[in-house]
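Asker: Contents of target_14.pdb (PDB, C-alpha atoms, pLDDT in the B column):
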ATOM      1  CA  MET A   1      24.199  39.456  36.136  1.00 44.00           C
ATOM      2  CA  LYS A   2      23.621  35.960  37.541  1.00 42.00           C
ATOM      3  CA  LYS A   3      20.049  36.755  38.478  1.00 43.00           C
ATOM      4  CA  ARG A   4      19.304  37.797  34.879  1.00 44.00           C
ATOM      5  CA  PHE A   5      21.366  34.986  33.268  1.00 40.00           C
ATOM      6  CA  VAL A   6      19.490  32.059  34.848  1.00 42.00           C
ATOM      7  CA  PRO A   7      16.038  33.132  33.621  1.00 45.00           C
ATOM      8  CA  LEU A   8      17.478  33.677  30.129  1.00 39.00           C
ATOM      9  CA  ILE A   9      18.828  30.099  30.020  1.00 40.00           C
ATOM     10  CA  THR A  10      15.470  28.861  31.279  1.00 38.00           C
ATOM     11  CA  LEU A  11      13.654  30.708  28.510  1.00 36.00           C
ATOM     12  CA  ILE A  12      16.003  29.263  25.875  1.00 36.00           C
ATOM     13  CA  VAL A  13      15.443  25.724  27.175  1.00 35.00           C
ATOM     14  CA  ILE A  14      11.674  26.215  27.189  1.00 37.00           C
ATOM     15  CA  PHE A  15      11.788  27.624  23.651  1.00 38.00           C
ATOM     16  CA  LEU A  16      13.872  24.723  22.292  1.00 37.00           C
ATOM     17  CA  THR A  17      11.704  22.174  24.077  1.00 37.00           C
ATOM     18  CA  THR A  18       8.626  23.746  22.526  1.00 38.00           C
ATOM     19  CA  LEU A  19      10.154  23.536  19.060  1.00 36.00           C
ATOM     20  CA  MET A  20      11.076  19.895  19.608  1.00 37.00           C
ATOM     21  CA  GLY A  21       7.578  19.164  20.812  1.00 36.00           C
ATOM     22  CA  MET A  22       6.117  20.790  17.719  1.00 33.00           C
ATOM     23  CA  SER A  23       8.358  18.673  15.491  1.00 33.00           C
ATOM     24  CA  ILE A  24       7.373  15.448  17.240  1.00 33.00           C
ATOM     25  CA  LYS A  25       3.725  16.376  17.046  1.00 34.00           C
ATOM     26  CA  ASP A  26       3.987  17.112  13.322  1.00 44.00           C
ATOM     27  CA  ASP A  27       5.655  13.731  12.684  1.00 54.00           C
ATOM     28  CA  ALA A  28       2.910  12.003  14.659  1.00 64.00           C
ATOM     29  CA  LYS A  29       0.260  13.641  12.502  1.00 73.00           C
ATOM     30  CA  GLY A  30       1.728  12.205   9.325  1.00 91.00           C
ATOM     31  CA  VAL A  31       2.096  13.662   5.856  1.00 97.00           C
ATOM     32  CA  THR A  32      -0.609  15.185   3.699  1.00 97.00           C
ATOM     33  CA  ILE A  33      -1.837  12.833   0.983  1.00 98.00           C
ATOM     34  CA  LYS A  34      -3.553  14.239  -2.079  1.00 98.00           C
ATOM     35  CA  SER A  35      -4.479  12.715  -5.424  1.00 98.00           C
ATOM     36  CA  LYS A  36      -4.841  13.617  -9.059  1.00 98.00           C
ATOM     37  CA  THR A  37      -6.948  11.977 -11.731  1.00 99.00           C
ATOM     38  CA  LEU A  38      -6.249  10.984 -15.306  1.00 99.00           C
ATOM     39  CA  LYS A  39      -9.203  10.141 -17.531  1.00 99.00           C
ATOM     40  CA  GLU A  40      -9.028   9.172 -21.202  1.00 99.00           C
ATOM     41  CA  LYS A  41     -11.549   7.529 -23.502  1.00 98.00           C
ATOM     42  CA  TYR A  42     -10.840   6.025 -26.915  1.00 98.00           C
ATOM     43  CA  SER A  43     -12.436   3.405 -29.118  1.00 98.00           C
ATOM     44  CA  TYR A  44      -9.995   0.819 -27.773  1.00 98.00           C
ATOM     45  CA  ILE A  45      -9.632   1.774 -24.087  1.00 99.00           C
ATOM     46  CA  ASN A  46     -11.304   3.591 -21.179  1.00 99.00           C
ATOM     47  CA  ILE A  47      -8.940   5.002 -18.556  1.00 99.00           C
ATOM     48  CA  ASP A  48      -9.844   6.338 -15.107  1.00 99.00           C
ATOM     49  CA  LEU A  49      -6.787   6.634 -12.882  1.00 99.00           C
ATOM     50  CA  THR A  50      -6.475   8.097  -9.406  1.00 99.00           C
ATOM     51  CA  ILE A  51      -2.835   8.745  -8.494  1.00 99.00           C
ATOM     52  CA  PRO A  52      -2.013   9.503  -4.841  1.00 98.00           C
ATOM     53  CA  TYR A  53       0.938  11.671  -3.903  1.00 98.00           C
ATOM     54  CA  ILE A  54       2.547  13.300  -0.887  1.00 98.00           C
ATOM     55  CA  ALA A  55       2.158  17.066  -0.756  1.00 96.00           C
ATOM     56  CA  ASN A  56       5.815  17.757  -0.105  1.00 83.00           C
ATOM     57  CA  ALA A  57       6.930  21.365  -0.692  1.00 73.00           C
ATOM     58  CA  GLY A  58      10.160  20.247  -2.340  1.00 85.00           C
ATOM     59  CA  ASN A  59      11.156  17.376  -0.047  1.00 95.00           C
ATOM     60  CA  LYS A  60      13.482  15.190  -2.146  1.00 95.00           C
ATOM     61  CA  ILE A  61      12.538  11.937  -0.427  1.00 97.00           C
ATOM     62  CA  TYR A  62       8.838  12.606  -0.910  1.00 97.00           C
ATOM     63  CA  ASP A  63       9.487  13.611  -4.519  1.00 96.00           C
ATOM     64  CA  GLY A  64      11.166  10.251  -5.067  1.00 97.00           C
ATOM     65  CA  ILE A  65       8.214   8.380  -3.570  1.00 98.00           C
ATOM     66  CA  ASN A  66       5.758  10.329  -5.712  1.00 98.00           C
ATOM     67  CA  THR A  67       7.796   9.666  -8.849  1.00 97.00           C
ATOM     68  CA  LYS A  68       7.886   5.944  -8.089  1.00 98.00           C
ATOM     69  CA  ILE A  69       4.158   5.624  -7.437  1.00 98.00           C
ATOM     70  CA  GLU A  70       3.134   7.669 -10.470  1.00 98.00           C
ATOM     71  CA  GLY A  71       5.714   5.957 -12.675  1.00 99.00           C
ATOM     72  CA  ASN A  72       4.388   2.516 -11.774  1.00 99.00           C
ATOM     73  CA  ILE A  73       0.861   3.537 -12.703  1.00 99.00           C
ATOM     74  CA  LEU A  74       1.845   5.268 -15.947  1.00 99.00           C
ATOM     75  CA  ASN A  75       4.034   2.366 -17.082  1.00 99.00           C
ATOM     76  CA  TRP A  76       1.105   0.015 -16.503  1.00 99.00           C
ATOM     77  CA  LYS A  77      -1.134   2.379 -18.471  1.00 99.00           C
ATOM     78  CA  LYS A  78       1.374   2.505 -21.335  1.00 99.00           C
ATOM     79  CA  ASP A  79       1.673  -1.281 -21.584  1.00 99.00           C
ATOM     80  CA  LEU A  80      -2.077  -1.878 -21.503  1.00 99.00           C
ATOM     81  CA  THR A  81      -2.748   0.934 -23.984  1.00 99.00           C
ATOM     82  CA  GLU A  82      -0.412  -0.701 -26.498  1.00 99.00           C
ATOM     83  CA  MET A  83      -2.170  -4.022 -25.940  1.00 98.00           C
ATOM     84  CA  ALA A  84      -5.551  -2.350 -26.425  1.00 99.00           C
ATOM     85  CA  LYS A  85      -4.498  -0.833 -29.750  1.00 98.00           C
ATOM     86  CA  GLU A  86      -3.289  -4.220 -30.977  1.00 98.00           C
ATOM     87  CA  ASN A  87      -6.529  -5.806 -29.804  1.00 97.00           C
ATOM     88  CA  GLU A  88      -8.553  -3.283 -31.789  1.00 98.00           C
ATOM     89  CA  LEU A  89      -6.554  -3.944 -34.967  1.00 97.00           C
ATOM     90  CA  ASP A  90      -6.867  -7.715 -34.545  1.00 96.00           C
ATOM     91  CA  SER A  91     -10.610  -7.427 -33.946  1.00 96.00           C
ATOM     92  CA  GLN A  92     -11.083  -5.261 -37.033  1.00 96.00           C
ATOM     93  CA  LYS A  93      -9.118  -7.703 -39.185  1.00 96.00           C
ATOM     94  CA  ALA A  94     -11.241 -10.562 -37.870  1.00 96.00           C
ATOM     95  CA  GLY A  95     -14.439  -8.621 -38.519  1.00 96.00           C
ATOM     96  CA  ILE A  96     -15.633  -8.729 -34.913  1.00 95.00           C
ATOM     97  CA  ASP A  97     -16.812  -5.986 -32.588  1.00 94.00           C
ATOM     98  CA  VAL A  98     -14.152  -4.226 -30.559  1.00 93.00           C
ATOM     99  CA  ARG A  99     -14.600  -4.467 -26.798  1.00 95.00           C
ATOM    100  CA  PRO A 100     -12.489  -1.658 -25.330  1.00 98.00           C
ATOM    101  CA  PHE A 101     -10.168  -2.336 -22.426  1.00 99.00           C
ATOM    102  CA  ASP A 102     -10.878  -0.728 -19.039  1.00 99.00           C
ATOM    103  CA  LEU A 103      -8.173   0.587 -16.704  1.00 99.00           C
ATOM    104  CA  VAL A 104      -8.950   1.934 -13.227  1.00 99.00           C
ATOM    105  CA  THR A 105      -6.846   2.734 -10.168  1.00 99.00           C
ATOM    106  CA  VAL A 106      -8.078   3.634  -6.689  1.00 99.00           C
ATOM    107  CA  TYR A 107      -6.143   3.884  -3.446  1.00 99.00           C
ATOM    108  CA  LYS A 108      -6.711   3.490   0.282  1.00 99.00           C
ATOM    109  CA  LEU A 109      -4.620   4.961   3.062  1.00 98.00           C
ATOM    110  CA  GLY A 110      -3.693   2.570   5.868  1.00 98.00           C
ATOM    111  CA  TYR A 111      -1.194   4.142   8.294  1.00 98.00           C
ATOM    112  CA  ASN A 112       0.173   7.666   8.235  1.00 98.00           C
ATOM    113  CA  LYS A 113       2.153   8.858  11.238  1.00 96.00           C
ATOM    114  CA  ASN A 114       5.514   8.629  12.989  1.00 94.00           C
ATOM    115  CA  ASN A 115       7.412   8.896   9.675  1.00 96.00           C
ATOM    116  CA  PHE A 116       5.766   5.776   8.254  1.00 98.00           C
ATOM    117  CA  LEU A 117       3.251   5.717   5.409  1.00 98.00           C
ATOM    118  CA  SER A 118       1.297   2.646   4.369  1.00 99.00           C
ATOM    119  CA  LEU A 119      -1.248   2.529   1.565  1.00 99.00           C
ATOM    120  CA  TYR A 120      -2.386   0.330  -1.268  1.00 99.00           C
ATOM    121  CA  ILE A 121      -3.398   1.013  -4.842  1.00 99.00           C
ATOM    122  CA  ASP A 122      -5.840  -1.273  -6.618  1.00 99.00           C
ATOM    123  CA  TYR A 123      -5.083  -1.728 -10.317  1.00 99.00           C
ATOM    124  CA  TYR A 124      -8.174  -2.936 -12.173  1.00 99.00           C
ATOM    125  CA  GLN A 125      -7.932  -4.049 -15.778  1.00 99.00           C
ATOM    126  CA  TYR A 126     -10.434  -5.558 -18.148  1.00 99.00           C
ATOM    127  CA  THR A 127      -8.781  -6.965 -21.273  1.00 98.00           C
ATOM    128  CA  GLY A 128     -11.521  -9.314 -22.428  1.00 93.00           C
ATOM    129  CA  GLY A 129     -13.059 -12.475 -21.094  1.00 91.00           C
ATOM    130  CA  ALA A 130     -15.667 -13.018 -18.421  1.00 91.00           C
ATOM    131  CA  HIS A 131     -14.390 -10.424 -15.960  1.00 96.00           C
ATOM    132  CA  GLY A 132     -11.602  -8.024 -15.130  1.00 98.00           C
ATOM    133  CA  ILE A 133      -8.712  -8.520 -12.726  1.00 98.00           C
ATOM    134  CA  THR A 134      -7.703  -6.385  -9.757  1.00 99.00           C
ATOM    135  CA  THR A 135      -4.173  -6.387  -8.342  1.00 99.00           C
ATOM    136  CA  ARG A 136      -3.580  -4.789  -4.935  1.00 99.00           C
ATOM    137  CA  ASN A 137      -0.175  -3.081  -4.889  1.00 99.00           C
ATOM    138  CA  THR A 138       1.024  -2.117  -1.422  1.00 99.00           C
ATOM    139  CA  TYR A 139       3.466   0.558  -0.289  1.00 99.00           C
ATOM    140  CA  ASN A 140       4.995   0.575   3.201  1.00 99.00           C
ATOM    141  CA  LEU A 141       7.303   3.532   3.267  1.00 98.00           C
ATOM    142  CA  ASP A 142       9.934   4.730   5.702  1.00 98.00           C
ATOM    143  CA  LEU A 143       9.581   8.470   5.185  1.00 97.00           C
ATOM    144  CA  ASN A 144      13.065   9.161   6.537  1.00 96.00           C
ATOM    145  CA  SER A 145      14.701   7.179   3.734  1.00 97.00           C
ATOM    146  CA  GLY A 146      11.971   6.629   1.142  1.00 97.00           C
ATOM    147  CA  LYS A 147      12.524   2.872   1.346  1.00 98.00           C
ATOM    148  CA  ASN A 148       9.613   0.513   0.717  1.00 98.00           C
ATOM    149  CA  LEU A 149       9.913  -1.934   3.614  1.00 98.00           C
ATOM    150  CA  ILE A 150       9.415  -5.670   3.324  1.00 98.00           C
ATOM    151  CA  LEU A 151       7.504  -7.332   6.138  1.00 98.00           C
ATOM    152  CA  LYS A 152      10.469  -8.575   8.167  1.00 98.00           C
ATOM    153  CA  GLU A 153      11.867  -5.032   8.407  1.00 98.00           C
ATOM    154  CA  LEU A 154       9.010  -4.123  10.760  1.00 98.00           C
ATOM    155  CA  PHE A 155      10.397  -6.494  13.388  1.00 98.00           C
ATOM    156  CA  ASN A 156      13.459  -6.887  15.546  1.00 97.00           C
ATOM    157  CA  GLU A 157      16.029  -9.270  14.108  1.00 96.00           C
ATOM    158  CA  GLY A 158      15.467 -12.846  15.246  1.00 96.00           C
ATOM    159  CA  TYR A 159      11.812 -12.348  16.162  1.00 98.00           C
ATOM    160  CA  ASP A 160       9.664 -15.210  14.844  1.00 98.00           C
ATOM    161  CA  PHE A 161       6.884 -13.095  13.369  1.00 98.00           C
ATOM    162  CA  LYS A 162       6.074 -15.647  10.674  1.00 98.00           C
ATOM    163  CA  THR A 163       4.829 -18.274  13.116  1.00 98.00           C
ATOM    164  CA  ILE A 164       2.533 -15.801  14.868  1.00 98.00           C
ATOM    165  CA  ILE A 165       1.136 -14.445  11.601  1.00 99.00           C
ATOM    166  CA  ASN A 166       0.722 -17.906  10.066  1.00 99.00           C
ATOM    167  CA  GLU A 167      -1.212 -19.175  13.086  1.00 98.00           C
ATOM    168  CA  SER A 168      -3.474 -16.127  12.976  1.00 99.00           C
ATOM    169  CA  ILE A 169      -4.166 -16.651   9.268  1.00 99.00           C
ATOM    170  CA  LYS A 170      -4.908 -20.354   9.760  1.00 98.00           C
ATOM    171  CA  LYS A 171      -7.391 -19.483  12.483  1.00 98.00           C
ATOM    172  CA  GLN A 172      -9.125 -16.929  10.259  1.00 99.00           C
ATOM    173  CA  ILE A 173      -9.254 -19.347   7.316  1.00 99.00           C
ATOM    174  CA  SER A 174     -10.842 -21.993   9.552  1.00 98.00           C
ATOM    175  CA  GLN A 175     -13.785 -19.669  10.179  1.00 98.00           C
ATOM    176  CA  SER A 176     -14.840 -19.851   6.500  1.00 98.00           C
ATOM    177  CA  PRO A 177     -12.886 -22.659   4.786  1.00 98.00           C
ATOM    178  CA  GLN A 178     -15.368 -22.801   1.919  1.00 98.00           C
ATOM    179  CA  GLU A 179     -13.956 -19.491   0.673  1.00 98.00           C
ATOM    180  CA  TYR A 180     -10.552 -21.044  -0.111  1.00 98.00           C
ATOM    181  CA  PHE A 181      -9.008 -23.590  -2.429  1.00 98.00           C
ATOM    182  CA  ASN A 182      -9.131 -27.074  -0.912  1.00 98.00           C
ATOM    183  CA  GLY A 183     -10.823 -25.762   2.204  1.00 98.00           C
ATOM    184  CA  GLY A 184      -7.793 -23.649   3.062  1.00 98.00           C
ATOM    185  CA  LYS A 185      -5.463 -26.638   3.275  1.00 96.00           C
ATOM    186  CA  ASP A 186      -3.270 -25.209   0.510  1.00 93.00           C
ATOM    187  CA  PHE A 187      -2.122 -22.353   2.754  1.00 97.00           C
ATOM    188  CA  LYS A 188       1.518 -23.061   3.632  1.00 95.00           C
ATOM    189  CA  GLY A 189       2.527 -19.806   5.281  1.00 98.00           C
ATOM    190  CA  ILE A 190       3.503 -16.280   4.326  1.00 99.00           C
ATOM    191  CA  LYS A 191       6.341 -15.553   1.909  1.00 97.00           C
ATOM    192  CA  ASP A 192       9.474 -13.472   2.421  1.00 95.00           C
ATOM    193  CA  ASN A 193       8.110 -10.938  -0.076  1.00 96.00           C
ATOM    194  CA  GLN A 194       4.550 -11.146   1.240  1.00 98.00           C
ATOM    195  CA  ASP A 195       2.145  -8.372   0.233  1.00 99.00           C
ATOM    196  CA  TYR A 196       0.913  -6.419   3.260  1.00 99.00           C
ATOM    197  CA  TYR A 197      -0.089  -3.015   4.509  1.00 99.00           C
ATOM    198  CA  VAL A 198      -0.417  -1.433   7.935  1.00 99.00           C
ATOM    199  CA  THR A 199      -3.421   0.153   9.653  1.00 98.00           C
ATOM    200  CA  ASP A 200      -3.665   2.048  12.929  1.00 96.00           C
ATOM    201  CA  ASP A 201      -4.186  -1.178  14.872  1.00 96.00           C
ATOM    202  CA  GLY A 202      -2.507  -3.990  12.966  1.00 98.00           C
ATOM    203  CA  ILE A 203      -0.780  -5.516   9.963  1.00 99.00           C
ATOM    204  CA  VAL A 204      -2.938  -6.722   7.081  1.00 99.00           C
ATOM    205  CA  ILE A 205      -1.605  -9.644   5.049  1.00 99.00           C
ATOM    206  CA  VAL A 206      -2.793  -9.561   1.431  1.00 99.00           C
ATOM    207  CA  TYR A 207      -3.332 -12.444  -0.974  1.00 99.00           C
ATOM    208  CA  GLN A 208      -4.065 -11.541  -4.571  1.00 99.00           C
ATOM    209  CA  LEU A 209      -6.836 -13.053  -6.677  1.00 98.00           C
ATOM    210  CA  TYR A 210      -6.350 -16.791  -7.212  1.00 98.00           C
ATOM    211  CA  GLU A 211      -3.395 -17.046  -4.789  1.00 97.00           C
ATOM    212  CA  ILE A 212      -5.235 -19.021  -2.128  1.00 98.00           C
ATOM    213  CA  ALA A 213      -8.876 -18.622  -3.129  1.00 98.00           C
ATOM    214  CA  PRO A 214     -11.058 -18.555  -6.266  1.00 98.00           C
ATOM    215  CA  TYR A 215     -11.976 -15.336  -8.039  1.00 98.00           C
ATOM    216  CA  VAL A 216     -15.417 -15.180  -6.446  1.00 98.00           C
ATOM    217  CA  SER A 217     -13.802 -14.958  -2.989  1.00 98.00           C
ATOM    218  CA  GLY A 218     -11.949 -11.805  -4.006  1.00 98.00           C
ATOM    219  CA  ILE A 219      -8.650 -10.502  -2.704  1.00 99.00           C
ATOM    220  CA  ARG A 220      -8.157 -12.098   0.711  1.00 99.00           C
ATOM    221  CA  GLU A 221      -6.947 -10.049   3.662  1.00 99.00           C
ATOM    222  CA  PHE A 222      -5.969 -11.128   7.160  1.00 99.00           C
ATOM    223  CA  LYS A 223      -5.482  -8.554   9.885  1.00 99.00           C
ATOM    224  CA  VAL A 224      -3.075  -9.426  12.695  1.00 99.00           C
ATOM    225  CA  PRO A 225      -3.419  -6.934  15.585  1.00 98.00           C
ATOM    226  CA  PHE A 226      -0.329  -5.161  16.874  1.00 97.00           C
ATOM    227  CA  SER A 227      -1.146  -6.633  20.281  1.00 97.00           C
ATOM    228  CA  GLU A 228      -0.228 -10.104  19.000  1.00 97.00           C
ATOM    229  CA  LEU A 229       3.120  -8.893  17.655  1.00 97.00           C
ATOM    230  CA  LYS A 230       4.099  -6.186  20.140  1.00 93.00           C
ATOM    231  CA  GLU A 231       7.104  -8.040  21.542  1.00 94.00           C
ATOM    232  CA  GLY A 232       8.860  -7.947  18.179  1.00 97.00           C
ATOM    233  CA  LEU A 233       7.659  -4.745  16.546  1.00 97.00           C
ATOM    234  CA  ILE A 234      10.178  -1.964  16.098  1.00 94.00           C
ATOM    235  CA  ASN A 235       7.435   0.671  15.932  1.00 86.00           C
ATOM    236  CA  PHE A 236       3.603   0.733  16.179  1.00 79.00           C
ATOM    237  CA  LYS A 237       3.617   0.112  19.953  1.00 62.00           C
TER     238      LYS A 237
END
Rewrite the structure from the file as structure tokens, please.
Answerer:
Amino acid sequence: MKKRFVPLITLIVIFLTTLMGMSIKDDAKGVTIKSKTLKEKYSYINIDLTIPYIANAGNKIYDGINTKIEGNILNWKKDLTEMAKENELDSQKAGIDVRPFDLVTVYKLGYNKNNFLSLYIDYYQYTGGAHGITTRNTYNLDLNSGKNLILKELFNEGYDFKTIINESIKKQISQSPQEYFNGGKDFKGIKDNQDYYVTDDGIVIVYQLYEIAPYVSGIREFKVPFSELKEGLINFK
């Protein structure tokens, strides 16, 4: 019996190890991201929305993330649609031509593996005036909990990530100071609730239109490689 029992245990161990390896490999690959579109056209507004979502097969955490992302976009659409209707009525009363609003969303995937998903969604709106405005909304999601992580949660407690990131940003600003307000001298450092997203090789700090630079300079981004932060990072090593 012993001679048959040992090989059986060995087979069980090999089988379980294989299953564990498959699970780890699947996590490393990341989740499947798909998108759906919503297009509407009226006299007062043009809508062209791309809404990303996690293909989840009933996973409650993923469902919650999808609901949050879609809800944010649809609430924005609702608010701007109401504004557009009011704008049309006001324009008609004033006897002037109606310029319809424009609403557009697009997304870009940043990091998608090891139970962490990072992406951003650009919200573009034109509500009159010389040009429209784009806001870059970022999501940095722990897929085990569904939590949207703030920047400091990527690092070990007590690690001075702000100094490293601030110095990197200052160096990048110095390469083209003409792109920024006051030659970049107004930059005082990142905030506790700083916008950011993650790529396969670093953390990208995001500054919205007009935060540190004029409109013509666009949304400003500063990539800080993982290699400069590796001593404090919890993951991404």
Asker: Written as a list in words, what is the full residue list that the PyMOL selection byres ((chain A and resi 85-90) around 12) yields on the file shown?
Answerer: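 With the shown file as input, the PyMOL selection byres ((chain A and resi 85-90) around 12) matches Tyr42, Ser43, Tyr44, Ile45, Asn46, Lys78, Asp79, Leu80, Thr81, Glu82, Met83, Ala84, Ser91, Gln92, Lys93, Ala94, Gly95, Ile96, Asp97, Val98, Arg99, Pro100, Phe101, Thr127 and Gly128 of chain A.
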Asker: Have a look at A:Gly183, A:Gly64, A:Gly30, A:Gly232 and name the one nearest to A:Ser145; count only C-alpha atoms.
Answerer: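 Of all the options, A:Gly64 lies closest to A:Ser145.
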Asker: Set the distance at 12 Å and use only C-alpha atoms: which residues neighbour A:Arg136 once local chain neighbours fewer than 5 positions away are removed? I'd like the list as a list in words.
Answerer: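 The neighbour list is Val104, Thr105, Val106, Tyr107, Lys108, Leu119, Tyr120, Ile121, Asp122, Tyr123, Tyr124, Gln125, Asp195, Tyr196, Tyr197, Ile205, Val206, Tyr207, Gln208, Leu209, Gly218, Ile219, Arg220 and Glu221 of chain A.
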Asker: Restricting it to C-alpha atoms, dump the selection as a compact mmCIF listing (two decimals), keeping the file's coordinate frame.
Answerer:
# COMPACT_ATOMS: atom_id res chain seq x y z
CA VAL A 104 -8.95 1.93 -13.23
CA THR A 105 -6.85 2.73 -10.17
CA VAL A 106 -8.08 3.63 -6.69
CA TYR A 107 -6.14 3.88 -3.45
CA LYS A 108 -6.71 3.49 0.28
CA LEU A 119 -1.25 2.53 1.56
CA TYR A 120 -2.39 0.33 -1.27
CA ILE A 121 -3.40 1.01 -4.84
CA ASP A 122 -5.84 -1.27 -6.62
CA TYR A 123 -5.08 -1.73 -10.32
CA TYR A 124 -8.17 -2.94 -12.17
CA GLN A 125 -7.93 -4.05 -15.78
CA ASP A 195 2.14 -8.37 0.23
CA TYR A 196 0.91 -6.42 3.26
CA TYR A 197 -0.09 -3.02 4.51
CA ILE A 205 -1.60 -9.64 5.05
CA VAL A 206 -2.79 -9.56 1.43
CA TYR A 207 -3.33 -12.44 -0.97
CA GLN A 208 -4.07 -11.54 -4.57
CA LEU A 209 -6.84 -13.05 -6.68
CA GLY A 218 -11.95 -11.80 -4.01
CA ILE A 219 -8.65 -10.50 -2.70
CA ARG A 220 -8.16 -12.10 0.71
CA GLU A 221 -6.95 -10.05 3.66
Asker: Looking at A:Gly146, A:Pro52, A:Pro214, A:Gly189, which one is nearest to A:Lys162, with distances taken over all atoms listed in the file?
Answerer: A:Gly189
Asker: Just give me the gap between atom CA of A:Leu109 and atom CA of A:Glu231 in Å, one decimal is fine.
Answerer: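 That distance, rounded to one decimal, is 25.5 Å.
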Asker: The residues within 9 Å of (2.9, -12.9, 14.5), using all atoms listed in the file and the coordinates of the file, should be reported as a list in words; which are they?
Answerer: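 Residues with an atom close enough to that point: Asp160, Phe161, Lys162, Thr163, Ile164, Ile165, Asn166, Glu167, Ser168, Val224, Pro225, Phe226, Glu228, Leu229, Lys230 and Gly232 of chain A.
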Asker: Rank A:Gly184, A:Gly202, A:Gly132, A:Gly58 by their smallest atom-to-atom distance to A:Ile169, using all atoms listed in the file, and report the top residue only.
Answerer: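 Counting all atoms listed in the file, the residue closest to A:Ile169 is A:Gly184.
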Asker: Compare A:Lys60, A:Lys113, A:Lys68, A:His131 by their minimum atom-to-atom distance to A:Ile33, counting only C-alpha atoms, and give me the closest one.
Answerer: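 For A:Ile33, the nearest of the candidates is A:Lys113.
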Asker: Out of A:Glu153, A:Leu143, A:Lys36, A:Ala213, which residue has the shortest atom-to-atom distance to A:Asp63 when counting only C-alpha atoms?
Answerer: A:Leu143
Asker: Working from the structure I just supplied, which lacks atoms in stretch 225-236 of chain A, can you model N, CA and C atoms there and output them as a PDB file, in the coordinates of the input?
Answerer:
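Saved result, rebuild-v5.pdb, follows:
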ATOM      1  N   PRO A 225      -3.535  -8.119  14.727  1.00 98.00           N
ATOM      2  CA  PRO A 225      -3.419  -6.934  15.585  1.00 98.00           C
ATOM      3  C   PRO A 225      -1.992  -6.724  16.098  1.00 98.00           C
ATOM      4  N   PHE A 226      -1.637  -5.470  16.294  1.00 97.00           N
ATOM      5  CA  PHE A 226      -0.329  -5.161  16.874  1.00 97.00           C
ATOM      6  C   PHE A 226      -0.141  -5.864  18.219  1.00 97.00           C
ATOM      7  N   SER A 227      -1.237  -6.028  18.950  1.00 97.00           N
ATOM      8  CA  SER A 227      -1.146  -6.633  20.281  1.00 97.00           C
ATOM      9  C   SER A 227      -0.578  -8.048  20.244  1.00 97.00           C
ATOM     10  N   GLU A 228      -0.743  -8.743  19.125  1.00 97.00           N
ATOM     11  CA  GLU A 228      -0.228 -10.104  19.000  1.00 97.00           C
ATOM     12  C   GLU A 228       1.242 -10.129  18.579  1.00 97.00           C
ATOM     13  N   LEU A 229       1.756  -8.966  18.183  1.00 97.00           N
ATOM     14  CA  LEU A 229       3.120  -8.893  17.655  1.00 97.00           C
ATOM     15  C   LEU A 229       4.000  -7.908  18.415  1.00 97.00           C
ATOM     16  N   LYS A 230       3.454  -7.331  19.491  1.00 93.00           N
ATOM     17  CA  LYS A 230       4.099  -6.186  20.140  1.00 93.00           C
ATOM     18  C   LYS A 230       5.502  -6.473  20.656  1.00 93.00           C
ATOM     19  N   GLU A 231       5.783  -7.725  21.001  1.00 94.00           N
ATOM     20  CA  GLU A 231       7.104  -8.040  21.542  1.00 94.00           C
ATOM     21  C   GLU A 231       8.209  -7.904  20.501  1.00 94.00           C
ATOM     22  N   GLY A 232       7.837  -8.000  19.213  1.00 97.00           N
ATOM     23  CA  GLY A 232       8.860  -7.947  18.179  1.00 97.00           C
ATOM     24  C   GLY A 232       8.835  -6.718  17.308  1.00 97.00           C
ATOM     25  N   LEU A 233       7.778  -5.921  17.403  1.00 97.00           N
ATOM     26  CA  LEU A 233       7.659  -4.745  16.546  1.00 97.00           C
ATOM     27  C   LEU A 233       8.678  -3.674  16.903  1.00 97.00           C
ATOM     28  N   ILE A 234       9.246  -3.068  15.877  1.00 94.00           N
ATOM     29  CA  ILE A 234      10.178  -1.964  16.098  1.00 94.00           C
ATOM     30  C   ILE A 234       9.405  -0.688  16.404  1.00 94.00           C
ATOM     31  N   ASN A 235       8.308  -0.484  15.701  1.00 86.00           N
ATOM     32  CA  ASN A 235       7.435   0.671  15.932  1.00 86.00           C
ATOM     33  C   ASN A 235       6.014   0.173  16.192  1.00 86.00           C
ATOM     34  N   PHE A 236       5.031   1.074  16.068  1.00 79.00           N
ATOM     35  CA  PHE A 236       3.603   0.733  16.179  1.00 79.00           C
ATOM     36  C   PHE A 236       3.212   0.230  17.571  1.00 79.00           C
TER      37      PHE A 236
END
